[in-house]
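Peer 1: Here you go, this is input30.txt (compact mmCIF, C-alpha atoms).
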```
# COMPACT_ATOMS: atom_id res chain seq x y z
CA MET A 234 27.75 80.57 47.95
CA PHE A 235 30.02 78.28 49.91
CA VAL A 236 33.02 79.87 51.57
CA GLU A 237 36.08 78.20 53.05
CA VAL A 238 38.81 80.08 54.89
CA VAL A 239 41.81 77.84 55.33
CA CYS A 240 45.07 78.48 57.11
CA PRO A 241 47.90 76.04 57.87
CA GLU A 242 46.96 75.49 61.50
CA GLU A 243 43.20 75.17 61.28
CA ASN A 244 40.07 75.65 59.25
CA CYS A 245 38.89 79.09 60.25
CA PHE A 246 35.56 79.33 58.52
CA THR A 247 33.42 76.97 56.50
CA GLY A 248 29.86 77.64 55.49
CA GLU A 249 27.34 79.46 53.36
CA ALA A 250 27.82 83.18 52.96
CA THR A 251 26.28 86.01 50.98
CA MET A 252 29.35 88.19 50.50
CA VAL A 253 33.12 88.16 50.98
CA ILE A 254 35.06 91.42 51.23
CA SER A 255 38.82 91.80 51.00
CA ARG A 256 41.53 93.66 49.14
CA THR A 257 43.62 92.69 46.12
CA PRO A 258 46.51 94.75 44.75
CA ASN A 259 43.98 96.25 42.32
CA GLY A 260 41.69 97.47 45.07
CA GLU A 261 38.85 96.43 47.32
CA ILE A 262 36.95 93.41 46.16
CA GLY A 263 33.49 92.29 47.16
CA ILE A 264 32.43 88.87 46.01
CA LEU A 265 28.81 87.94 45.56
CA GLU A 266 27.18 84.78 44.32
CA GLY A 267 28.05 83.99 40.68
CA HIS A 268 31.39 85.79 40.49
CA GLU A 269 33.52 84.69 37.54
CA PRO A 270 36.26 82.13 38.31
CA THR A 271 39.23 84.07 39.64
CA VAL A 272 42.52 83.53 41.39
CA ALA A 273 43.78 86.63 43.14
CA THR A 274 46.38 87.58 45.69
CA LEU A 275 45.14 89.34 48.79
CA GLN A 276 46.90 92.24 50.44
CA PRO A 277 47.64 92.23 54.15
CA GLY A 278 44.52 93.53 55.79
CA GLY A 279 40.96 92.55 56.42
CA LEU A 280 38.72 89.75 55.32
CA THR A 281 35.04 90.06 56.11
CA ILE A 282 32.42 87.44 55.46
CA GLU A 283 28.74 88.27 55.48
CA HIS A 284 26.66 85.29 56.48
CA ASP A 285 23.37 84.67 58.31
CA ASN A 286 22.74 88.42 58.48
CA GLN A 287 25.93 89.04 60.39
CA ARG A 288 29.56 89.81 59.60
CA THR A 289 32.61 87.90 60.68
CA SER A 290 35.94 89.65 60.25
CA PHE A 291 39.48 88.36 60.21
CA GLY A 292 42.84 90.07 60.00
CA ILE A 293 45.10 88.34 57.50
CA SER A 294 48.79 88.70 56.68
CA GLY A 295 48.01 88.37 52.98
CA GLY A 296 46.70 85.39 51.12
CA ILE A 297 45.33 83.78 48.03
CA LEU A 298 41.74 83.89 46.91
CA GLN A 299 40.25 81.32 44.61
CA ILE A 300 36.76 81.58 43.21
CA THR A 301 35.41 78.59 41.36
CA GLY A 302 31.87 78.18 40.09
CA GLU A 303 30.45 77.01 43.39
CA LYS A 304 33.05 77.84 46.01
CA VAL A 305 35.19 80.65 47.37
CA ILE A 306 38.42 79.56 49.00
CA VAL A 307 40.65 81.92 50.95
CA LEU A 308 44.11 80.72 51.88
CA ALA A 309 45.87 82.80 54.52
CA GLU A 310 49.13 82.15 56.30
CA LEU A 311 48.58 84.11 59.49
CA ILE A 312 45.03 84.86 60.48
CA GLU A 313 43.28 86.24 63.51
CA LYS A 314 39.58 86.56 64.21
CA VAL A 315 38.57 90.11 65.03
CA ASP A 316 35.76 91.39 67.23
CA GLY A 317 34.72 94.41 65.30
CA ASP A 318 34.22 95.78 61.83
CA HIS A 319 36.26 95.59 58.64
CA GLU A 320 38.39 98.63 59.54
CA LYS A 321 39.53 96.95 62.73
CA ALA A 322 40.30 93.78 60.78
CA ILE A 323 42.49 95.73 58.34
CA GLU A 324 44.50 97.08 61.25
CA VAL A 325 44.96 93.63 62.76
CA GLY A 326 45.91 92.12 59.40
CA GLN A 327 48.56 94.75 58.76
CA GLY A 328 49.89 94.09 62.24
CA LEU A 329 50.15 90.40 61.45
CA ALA A 330 52.00 91.09 58.22
CA LYS A 331 54.43 93.32 60.06
CA GLN A 332 54.99 90.58 62.61
CA ALA A 333 55.68 88.06 59.84
CA PHE A 334 58.05 90.57 58.29
CA THR A 335 60.04 91.06 61.48
CA THR A 336 60.54 87.29 61.76
CA GLU A 337 62.14 87.58 58.34
CA GLU A 338 64.83 89.93 59.56
CA MET X 1024 75.07 34.06 101.97
CA ALA X 1025 71.89 33.00 100.30
CA SER X 1026 69.97 35.86 101.87
CA ALA X 1027 72.36 38.31 100.24
CA GLU X 1028 71.42 36.95 96.83
CA LEU X 1029 67.75 37.27 97.68
CA ARG X 1030 68.22 40.88 98.69
CA ILE X 1031 70.07 41.71 95.46
CA ILE X 1032 67.33 40.19 93.33
CA ASN X 1033 64.58 41.97 95.22
CA ARG X 1034 66.37 45.26 94.79
CA ARG X 1035 66.57 44.69 91.05
CA ILE X 1036 62.88 43.86 90.87
CA LYS X 1037 62.09 47.13 92.60
CA SER X 1038 64.21 49.15 90.18
CA VAL X 1039 62.74 47.43 87.11
CA LYS X 1040 59.26 48.11 88.46
CA SER X 1041 59.93 51.82 88.78
CA THR X 1042 61.44 51.90 85.27
CA LYS X 1043 58.31 50.24 84.02
CA LYS X 1044 56.18 52.95 85.61
CA ILE X 1045 58.20 55.62 83.83
CA THR X 1046 58.09 53.97 80.41
CA ARG X 1047 54.38 53.34 80.79
CA ALA X 1048 53.77 57.00 81.60
CA MET X 1049 55.84 58.09 78.59
CA GLU X 1050 53.88 55.75 76.37
CA LEU X 1051 50.58 57.23 77.53
CA ILE X 1052 51.79 60.81 77.09
CA ALA X 1053 53.04 60.09 73.58
CA SER X 1054 49.82 58.37 72.55
CA SER X 1055 47.69 61.28 73.75
CA ARG X 1056 49.89 63.71 71.82
CA ILE X 1057 49.64 61.74 68.61
CA VAL X 1058 45.92 62.42 68.35
CA LYS X 1059 46.36 66.17 68.55
CA ALA X 1060 49.35 66.14 66.22
CA GLN X 1061 47.41 64.12 63.68
CA GLN X 1062 44.55 66.62 63.63
CA ARG X 1063 46.96 69.47 63.00
CA LEU X 1064 48.61 67.44 60.26
CA THR X 1065 45.28 66.90 58.53
CA SER X 1066 44.36 70.57 58.50
CA SER X 1067 47.80 71.57 57.27
CA ASN X 1068 47.50 68.99 54.48
CA ASN X 1069 44.22 70.55 53.50
CA TYR X 1070 45.90 73.95 53.19
CA THR X 1071 48.87 72.58 51.26
CA ASN X 1072 46.64 70.66 48.86
CA LEU X 1073 44.55 73.71 48.07
CA LEU X 1074 47.72 75.69 47.40
CA ALA X 1075 49.07 72.92 45.19
CA GLN X 1076 45.82 72.93 43.29
CA ILE X 1077 46.12 76.63 42.52
CA VAL X 1078 49.76 76.16 41.49
CA GLU X 1079 48.64 73.45 39.07
CA GLU X 1080 45.97 75.73 37.74
CA LEU X 1081 48.58 78.42 37.13
CA THR X 1082 51.16 76.19 35.49
CA GLY X 1083 48.34 74.75 33.41
CA SER X 1084 47.72 78.21 32.05
CA GLY X 1085 51.34 78.38 30.88
CA GLU X 1086 53.02 80.20 33.75
CA MET X 1087 56.30 78.70 34.88
CA PRO X 1088 58.29 79.70 37.92
CA THR X 1089 61.74 81.06 37.19
CA SER X 1090 64.78 80.03 39.14
CA PRO X 1091 68.30 81.34 38.84
CA LYS X 1092 70.46 79.14 36.59
CA ILE X 1093 73.43 77.53 38.28
CA GLU X 1094 76.74 76.50 36.79
CA GLY X 1095 79.68 74.78 38.45
CA THR X 1096 79.55 73.80 42.09
CA LYS X 1097 76.18 73.91 43.64
CA LYS X 1098 75.68 75.01 47.21
CA ILE X 1099 73.11 72.84 48.88
CA THR X 1100 71.41 73.42 52.19
CA LEU X 1101 70.10 70.34 53.95
CA VAL X 1102 67.48 70.97 56.61
CA VAL X 1103 67.57 67.99 58.94
CA ILE X 1104 64.59 67.58 61.26
CA THR X 1105 65.01 65.40 64.35
CA SER X 1106 63.67 65.51 67.88
CA ASP X 1107 65.00 67.32 70.92
CA ARG X 1108 64.70 64.33 73.19
CA GLY X 1109 65.72 60.71 72.80
CA LEU X 1110 63.90 57.56 73.85
CA ALA X 1111 62.07 57.36 70.56
CA GLY X 1112 63.50 54.13 69.21
CA ALA X 1113 65.23 54.36 65.85
CA TYR X 1114 63.49 57.62 64.92
CA ASN X 1115 66.54 59.88 65.12
CA THR X 1116 69.01 57.28 63.89
CA ASN X 1117 67.04 56.70 60.71
CA ILE X 1118 66.78 60.34 59.84
CA LEU X 1119 70.45 61.06 60.58
CA LYS X 1120 71.50 58.07 58.51
CA LEU X 1121 69.51 59.40 55.55
CA ALA X 1122 70.92 62.90 56.03
CA GLU X 1123 74.44 61.48 56.04
CA ILE X 1124 73.73 59.57 52.81
CA ARG X 1125 72.31 62.63 51.05
CA LYS X 1126 75.24 64.70 52.23
CA SER X 1127 77.87 62.32 50.88
CA GLU X 1128 75.93 61.85 47.64
CA TYR X 1129 76.02 65.58 47.02
CA GLU X 1130 79.62 65.89 48.08
CA ASN X 1131 80.65 63.10 45.70
CA LEU X 1132 79.18 65.23 42.91
CA ASN X 1133 81.46 68.07 44.03
CA ASN X 1134 78.72 70.08 45.63
CA LYS X 1135 79.10 72.07 48.78
CA VAL X 1136 76.70 71.01 51.51
CA GLU X 1137 75.60 73.11 54.43
CA ILE X 1138 73.48 71.80 57.26
CA VAL X 1139 70.61 73.43 59.10
CA THR X 1140 69.39 71.39 62.03
CA VAL X 1141 66.05 71.31 63.77
CA GLY X 1142 66.18 69.47 67.08
CA LYS X 1143 68.91 68.88 69.62
CA LYS X 1144 69.70 65.41 68.36
CA ALA X 1145 70.70 66.49 64.86
CA ASN X 1146 72.73 69.37 66.24
CA GLY X 1147 74.61 67.07 68.60
CA TYR X 1148 75.19 64.51 65.88
CA PHE X 1149 76.80 66.94 63.44
CA LYS X 1150 78.74 68.85 66.07
CA TYR X 1151 80.25 65.59 67.31
CA ARG X 1152 81.47 64.97 63.77
CA ASN X 1153 83.00 68.44 63.58
CA ILE X 1154 80.40 69.76 61.18
CA GLU X 1155 79.10 73.03 62.49
CA PRO X 1156 75.45 73.47 61.49
CA LYS X 1157 74.81 76.81 59.82
CA GLN X 1158 71.76 77.29 61.97
CA ASN X 1159 70.13 75.27 64.73
CA TYR X 1160 66.57 75.44 65.99
CA GLU X 1161 65.45 73.82 69.21
CA GLY X 1162 62.23 73.54 71.14
CA ILE X 1163 60.13 73.37 68.00
CA THR X 1164 59.51 69.74 67.24
CA ASP X 1165 57.22 68.97 70.17
CA GLU X 1166 54.45 71.16 68.86
CA PRO X 1167 55.52 73.13 65.79
CA ASN X 1168 53.45 76.14 64.80
CA PHE X 1169 53.41 78.14 61.62
CA GLU X 1170 55.59 80.93 63.01
CA ASN X 1171 58.33 78.32 63.53
CA ALA X 1172 58.08 77.38 59.86
CA LEU X 1173 58.47 81.04 58.87
CA GLU X 1174 61.40 81.44 61.24
CA ILE X 1175 63.27 78.56 59.60
CA MET X 1176 62.30 79.18 56.01
CA THR X 1177 62.53 82.94 55.56
CA PRO X 1178 66.32 83.31 55.95
CA LEU X 1179 66.86 80.30 53.68
CA VAL X 1180 64.59 81.61 50.96
CA GLN X 1181 66.38 84.92 51.09
CA GLU X 1182 69.74 83.18 50.67
CA PHE X 1183 68.31 81.21 47.79
CA TYR X 1184 67.29 84.30 45.88
CA GLU X 1185 70.59 86.01 46.70
CA GLY X 1186 72.39 83.00 45.23
CA LYS X 1187 74.13 82.08 48.49
CA THR X 1188 72.54 78.68 48.31
CA ASN X 1189 71.27 76.94 45.18
CA GLN X 1190 69.09 74.22 46.55
CA ILE X 1191 67.15 73.70 49.75
CA GLU X 1192 66.34 70.16 50.69
CA LEU X 1193 64.42 68.88 53.69
CA VAL X 1194 65.29 65.61 55.38
CA TYR X 1195 62.45 64.56 57.66
CA THR X 1196 60.22 61.69 58.69
CA GLU X 1197 56.89 61.28 57.02
CA TYR X 1198 54.01 60.04 59.12
CA GLN X 1199 52.04 57.42 57.24
CA SER X 1200 50.30 55.61 60.06
CA ALA X 1201 50.86 54.88 63.74
CA MET X 1202 52.97 51.91 62.70
CA THR X 1203 54.77 53.28 59.64
CA GLN X 1204 56.96 56.36 59.44
CA THR X 1205 59.49 56.78 56.68
CA ALA X 1206 62.55 58.97 56.57
CA LEU X 1207 62.61 60.88 53.32
CA TYR X 1208 63.96 63.96 51.59
CA LYS X 1209 62.22 66.62 49.57
CA THR X 1210 63.48 69.55 47.57
CA VAL X 1211 61.76 72.80 48.47
CA LEU X 1212 63.62 75.18 46.20
CA PRO X 1213 64.22 75.45 43.28
CA PHE X 1214 60.54 75.02 42.85
CA GLU X 1215 59.81 71.91 40.87
CA VAL X 1216 56.63 71.62 38.93
CA GLU X 1217 56.15 67.97 38.36
CA GLN X 1218 54.54 66.56 35.30
CA ILE X 1219 51.07 67.37 36.59
CA ALA X 1220 51.05 70.56 34.63
CA LYS X 1221 50.80 68.79 31.31
CA GLU X 1222 48.06 66.41 32.33
CA ILE X 1223 45.77 69.08 33.61
CA GLU X 1224 44.58 71.22 30.77
CA SER X 1225 43.76 74.67 32.03
CA VAL X 1226 40.43 73.74 33.53
CA GLY X 1227 39.00 76.84 35.00
CA GLY X 1228 39.63 79.61 32.54
CA TYR X 1229 40.39 81.67 35.61
CA THR X 1230 40.90 85.36 35.67
CA PHE X 1231 44.08 86.23 37.52
CA GLU X 1232 44.37 89.30 39.63
CA PRO X 1233 46.62 91.25 39.26
CA SER X 1234 48.24 88.86 36.72
CA ALA X 1235 49.10 85.19 36.46
CA SER X 1236 52.82 85.74 36.88
CA GLN X 1237 52.32 87.95 39.94
CA VAL X 1238 49.95 85.47 41.53
CA LEU X 1239 52.52 82.76 40.91
CA SER X 1240 55.40 84.71 42.40
CA ASN X 1241 53.16 85.41 45.38
CA ILE X 1242 52.12 81.82 45.81
CA ILE X 1243 55.55 80.17 45.68
CA PRO X 1244 56.82 81.51 49.01
CA LYS X 1245 53.51 80.47 50.54
CA TYR X 1246 53.94 77.02 49.08
CA THR X 1247 57.49 76.63 50.40
CA ASN X 1248 56.38 77.80 53.85
CA ALA X 1249 53.53 75.32 53.77
CA THR X 1250 55.93 72.57 52.70
CA ILE X 1251 58.26 73.07 55.62
CA PHE X 1252 55.37 73.47 58.03
CA SER X 1253 53.93 70.19 56.87
CA ALA X 1254 57.38 68.58 57.19
CA LEU X 1255 57.63 69.84 60.77
CA LEU X 1256 54.20 68.47 61.61
CA ASN X 1257 54.99 65.15 59.96
CA ALA X 1258 58.22 64.92 61.91
CA SER X 1259 56.55 65.79 65.18
CA THR X 1260 53.72 63.27 64.71
CA SER X 1261 56.26 60.60 63.72
CA GLU X 1262 58.33 61.40 66.79
CA HIS X 1263 55.38 60.85 69.10
CA ALA X 1264 54.45 57.65 67.29
CA ALA X 1265 58.03 56.35 67.44
CA ARG X 1266 58.26 57.21 71.12
CA MET X 1267 54.98 55.51 71.85
CA ARG X 1268 56.14 52.32 70.15
CA ALA X 1269 59.56 52.38 71.80
CA MET X 1270 58.05 52.92 75.24
CA LYS X 1271 55.46 50.23 74.68
CA ALA X 1272 58.22 47.75 73.88
CA ALA X 1273 60.18 48.94 76.92
CA THR X 1274 57.17 48.41 79.20
CA GLU X 1275 56.66 44.93 77.83
CA ASN X 1276 60.34 44.08 78.30
CA ALA X 1277 60.19 45.34 81.86
CA GLU X 1278 57.21 43.08 82.55
CA GLU X 1279 59.09 40.13 81.13
CA LEU X 1280 62.15 40.96 83.22
CA ILE X 1281 60.05 41.24 86.38
CA LYS X 1282 58.60 37.80 85.69
CA ILE X 1283 62.04 36.22 85.31
CA LEU X 1284 63.41 38.02 88.36
CA SER X 1285 60.45 37.02 90.55
CA ARG X 1286 61.11 33.39 89.65
CA LYS X 1287 64.74 33.79 90.60
CA SER X 1288 63.78 35.51 93.82
CA ASN X 1289 61.38 32.68 94.74
CA GLN X 1290 64.09 30.14 94.02
CA ALA X 1291 66.58 32.00 96.20
CA ARG X 1292 64.05 32.22 99.04
CA GLN X 1293 63.33 28.50 98.77
CA ALA X 1294 67.05 27.71 98.81
CA GLU X 1295 67.43 29.84 101.92
CA ILE X 1296 64.62 27.99 103.71
CA THR X 1297 66.09 24.61 102.75
CA THR X 1298 69.46 25.62 104.10
CA GLU X 1299 67.92 26.77 107.38
CA ILE X 1300 65.94 23.54 107.83
CA SER X 1301 68.94 21.37 107.14
CA GLU X 1302 70.94 23.45 109.61
CA ILE X 1303 68.25 22.97 112.28
CA VAL X 1304 67.94 19.26 111.56
CA GLY X 1305 71.72 18.90 111.61
CA GLY X 1306 71.89 20.79 114.92
CA ALA X 1307 69.13 18.68 116.51
CA GLU X 1308 70.82 15.47 115.38
CA ALA X 1309 74.13 16.60 116.84
CA LEU X 1310 72.43 17.35 120.21
CA ALA X 1311 70.59 13.98 120.21
CA GLY X 1312 73.77 12.17 119.27
```
Let me see whether you can do it: turn the structure in this file into structure tokens.

Peer 2:
Amino acid sequence: MFVEVVCPEENCFTGEATMVISRTPNGEIGILEGHEPTVATLQPGGLTIEHDNQRTSFGISGGILQITGEKVIVLAELIEKVDGDHEKAIEVGQGLAKQAFTTEE
Amino acid sequence: MASAELRIINRRIKSVKSTKKITRAMELIASSRIVKAQQRLTSSNNYTNLLAQIVEELTGSGEMPTSPKIEGTKKITLVVITSDRGLAGAYNTNILKLAEIRKSEYENLNNKVEIVTVGKKANGYFKYRNIEPKQNYEGITDEPNFENALEIMTPLVQEFYEGKTNQIELVYTEYQSAMTQTALYKTVLPFEVEQIAKEIESVGGYTFEPSASQVLSNIIPKYTNATIFSALLNASTSEHAARMRAMKAATENAEELIKILSRKSNQARQAEITTEISEIVGGAEALAG
């Protein structure tokens, strides 16, 4: 399955992956090959991509997830690559969201 | 007397030469910045297009964004994006002219217009005309990042939903190519779904999580943020392109001026020599006589 993680400033990840993990308002979501076409909002938190027998994690300030037949696209406003596991990414993502929120004030 | 003229011309040549060095350096700096700015513009366009695609998908499935209805006088916020520094040819003039036109158009329709400026030039322009900008942002346009877009947009969006302003319009310069940049305006809010919705029949049969309307209300702020970010990037790339062109023209003019002045300087030198010779010859003749 082809995964693209796009944010306004750069393309963060493009490539083949076996699984994408994140969180929607309805709960944790893990996407495997052949998932039905979906558009979902993502909560501030982690985004982990399993590819080439390894995991890459990002912290995101929230985002949009689009699954089409052949592609998974994640759109995130603020994103930061994390050295560590999904838990760490969730922390970083929530931090980013808080930061975006304080700019709002 | 003649030597005084020669000295004046030579001094001018020197000063034009040093100006030329400066304009040439500015041209090179601007042209190296364009490349980077263009790359950022491309990736931001990618993001915006993907967002737009999802919005189309949503409106195709029958979801429409809701905006507060307005009656009577509308309050309009114009966000004018210029540069902080000058020496960019007609770049700032064009954008300010357009902003002025939009402003008077709205005011003729009895709307109230407020100005938000990005860049020193716009701020100075409106202040000079006794129009105090509601908000001014500086130091952004050289290399805008996404946080800057949030910083500008978030308070405006809040005002929009509180009804303090009814329309947010951007006035900025769109980068089309290194040679062409156009000043234009774009409405950010209220969110306008153009006719695309009807042409695209709901293609995907997507499942929406948690629900279509919630996804839509989540996506619109993202879309407006992306719009202003892309406007900032467009403006910044255009600024560099305009500066590069202006400085290129300045360098060429300086070269031309140096050519003309060197000719004049040679002429003056020749005149000086002729005078000296005729003085010597005259003196010798007087002695012989």

Peer 1: To one decimal in Å, tell me the separation between atom CA of X:Val1058 and atom CA of A:Glu243.

Peer 2: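 Straight-line distance from atom CA of X:Val1058 to atom CA of A:Glu243 works out to 14.8 Å.
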
Peer 1: Could you work out how far atom CA of X:Val1141 lies from atom CA of A:Val239, giving the answer in Å with one decimal?

Peer 2: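 Computed distance, atom CA of A:Val239 to atom CA of X:Val1141, equals 26.5 Å.
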
Peer 1: Taking all atoms listed in the file into account and nothing else, which residues of chain X lie no more than 6 Å away from chain A? Please answer as a VMD selection string.

Peer 2: chain X and resid 1066 to 1067 1070 1174 1177 1229 to 1232 1238

Peer 1: Between X:Ile1281, X:Glu1308, X:Ser1259, X:Glu1295, which residue has the minimum interatomic distance to X:Arg1034, considering only C-alpha atoms?

Peer 2: X:Ile1281

Peer 1: What is the atom CA of X:Lys1043-atom CA of X:Met1270 distance in Å, reported with one decimal?

Peer 2: 9.2 Å

Peer 1: Fewer than 3 positions away in the same chain doesn't count, so skip those; otherwise give me all residues within 10 Å of X:Ser1054, counting all atoms listed in the file, as a list of chain:residue names.

Peer 2: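 These residues fall inside the cut-off: X:Ala1048, X:Met1049, X:Glu1050, X:Leu1051, X:Ile1057, X:Val1058, X:Lys1059, X:Ala1201, X:His1263, X:Ala1264, X:Ala1265, X:Arg1266, X:Met1267, X:Arg1268.
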
Peer 1: Please provide as a ChimeraX atom specification all residues within 8 Å of X:Ile1118, with the sequence filter that same-chain residues fewer than 4 positions apart are discarded (counting all atoms listed in the file).

Peer 2: /X:1103-1105,1114,1122,1194-1196,1206-1207

Peer 1: Please provide as a list in words all residues within 10 Å of A:Ile262, with the sequence filter that same-chain residues fewer than 6 positions apart are discarded (counting all atoms listed in the file).

Peer 2: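 Answer for this query is Val253, Ile254, Ser255, Arg256 and Leu275 of chain A.
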